[in-house]
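Peer 1: Have a look at the structure that comes next, please.
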Amino acid sequence: MVRAVLPQEPAPDTVRFPESLTGYRHFDAARYERRRYGSVARRMNHWFLERALARALRPVAPGGLVLDTPSGTGILHSFLAARGYRVVASDLSPAMIAQAQRKAEALGGVLADIRSLPFKPDTFDAVVCSRFIMHLPRGARGEILRTLSRLSRGPVIATVCHPYTFKTASRAARRFLGGNPKQSPRITRAGLEEELAEVGLALRSVAVVLPIFSEVWVASIGRL
């Protein structure tokens, strides 16, 4: 069992986070999970995401130790355990960690800030970072991925939002016609490769969740 530890304060020169990403410390995590994954459409989207994650994780042998961070409610833990991985969860939110531990598929939960995780280099065979990097600004993405890569003997598997979708084209058309659609940051493959190279990382492969319809890629990232 991995002991929970208190999150450390990040150094002043580390990644700047939007306030929204540090606001999940105390809330109803079970209700969040029901709302986030409760509908048929959202469960289907999650199933497609797991398929893409499975492709990205193929180089990692069963029995490997995998860090899931930020783990949220542990929504990926049954999937990872079913593939034979030993899972360690880490999240900034006590509510999220408590909900994840109720599912009992992980070895344990570590309460920690992703900017200052309390693990030694090369502790894990892979690190999974789902639905988080896409919310960070340029610069912050690379810094976090570099931090995670130091913990992994194998790949860092991260979800990234890209612009090659029907939704992006639809938004562009609405803007052209004078509308004001939601502005959502997206990163091209070339842009991602450039950001990774700046921090000594490389994009090894990309698994597409659902061509044209899904804005999510599953990127496998490694050290140069």
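Identifiers for the structure tokens are assigned positionally: chains receive A, B, ... in sequence, residues are indexed from 1 per chain, and ligands are indexed from 1 in the order shown.
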Using the chain letters and numbers from this document, which residues of stretch 87-203 of chain A does DSSP assign to alpha helix (DSSP H), as a ChimeraX atom specification?
Peer 2: /A:94-103,140-151,166-176,189-198
Peer 1: Taking the DSSP secondary structure from the backbone, can you list the residues of stretch 92-170 of chain A that are strand (DSSP E or B), as a list in words?
Peer 2: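 The strand (DSSP E or B) residues within stretch 92-170 of chain A come out as Gly108, Gly109, Val110, Leu111, Phe124, Ala126, Val127, Val128, Cys129, Ser152, Val156, Ile157, Ala158, Thr159, Val160, Cys161 and Thr165 of chain A.
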Peer 1: Residues at most 8 Å from A:Gly154, counting only C-alpha atoms, excluding those fewer than 5 positions away in the same chain, as JSON, numbers by chain?
Peer 2: {"A": [60, 124, 125, 126, 127, 222]}
Peer 1: So that I can see what lies close to stretch 66-71 of chain A, please list as JSON, numbers by chain the residues with an atom at most 8 Å from it, counting only C-alpha atoms and leaving out residues fewer than 6 positions away in the same chain.
Peer 2: {"A": [85, 86, 87, 88, 89, 90, 91, 92, 96, 97, 100, 114, 124, 125, 126, 127, 128, 129, 130, 132]}
Peer 1: Report as a PyMOL selection string all protein, DNA and RNA residues lying within 9 Å of A:Gly200, evaluated on only C-alpha atoms, omitting residues in the same chain fewer than 6 positions from it.
Peer 2: chain A and resi 146+222-224
Peer 1: Using only C-alpha atoms, determine which residues lie at most 10 Å from A:Thr188, disregarding the query and same-chain residues fewer than 6 positions distant; provide the list as a list in words.
Peer 2: Val160, Cys161, His162, Pro163, Tyr164 and Glu194 of chain A
Peer 1: Go ahead and write the selection's residues with C-alpha atoms as a tab-separated table (two decimals), in the first residue's frame.
Peer 2:
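Below is the file result-v2.tsv, written as the result:
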```tsv
chain	number	residue	atom	x	y	z
A	160	VAL	CA	-3.93	16.07	-25.85
A	161	CYS	CA	-6.64	18.03	-27.66
A	162	HIS	CA	-6.00	18.58	-31.39
A	163	PRO	CA	-7.75	20.64	-34.10
A	164	TYR	CA	-8.28	17.95	-36.75
A	194	GLU	CA	8.10	21.46	-30.99
```
Peer 1: For A:Leu136, which of A:Leu49, A:Ile187, A:Ala41, A:Leu107 is the closest residue, counting only C-alpha atoms?
Peer 2: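 Closest candidate: A:Ile187.
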Peer 1: If we count only C-alpha atoms, what is near stretch 205-214 of chain A at a cut-off of 10 Å, once residues fewer than 3 positions away on the same chain are taken out, given as number ranges by chain?
Peer 2: A: 45-56, 157-169, 189, 202, 217-222
Peer 1: Using Å and a single decimal, report how far atom CA of A:Ser149 sits from atom CA of A:Ser116.
Peer 2: 12.9 Å
Peer 1: Rounded to one decimal, what separation in Å do you get between atom CA of A:Lys103 and atom CA of A:Arg35?
Peer 2: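 Value for the atom CA of A:Lys103-atom CA of A:Arg35 distance: 17.6 Å.
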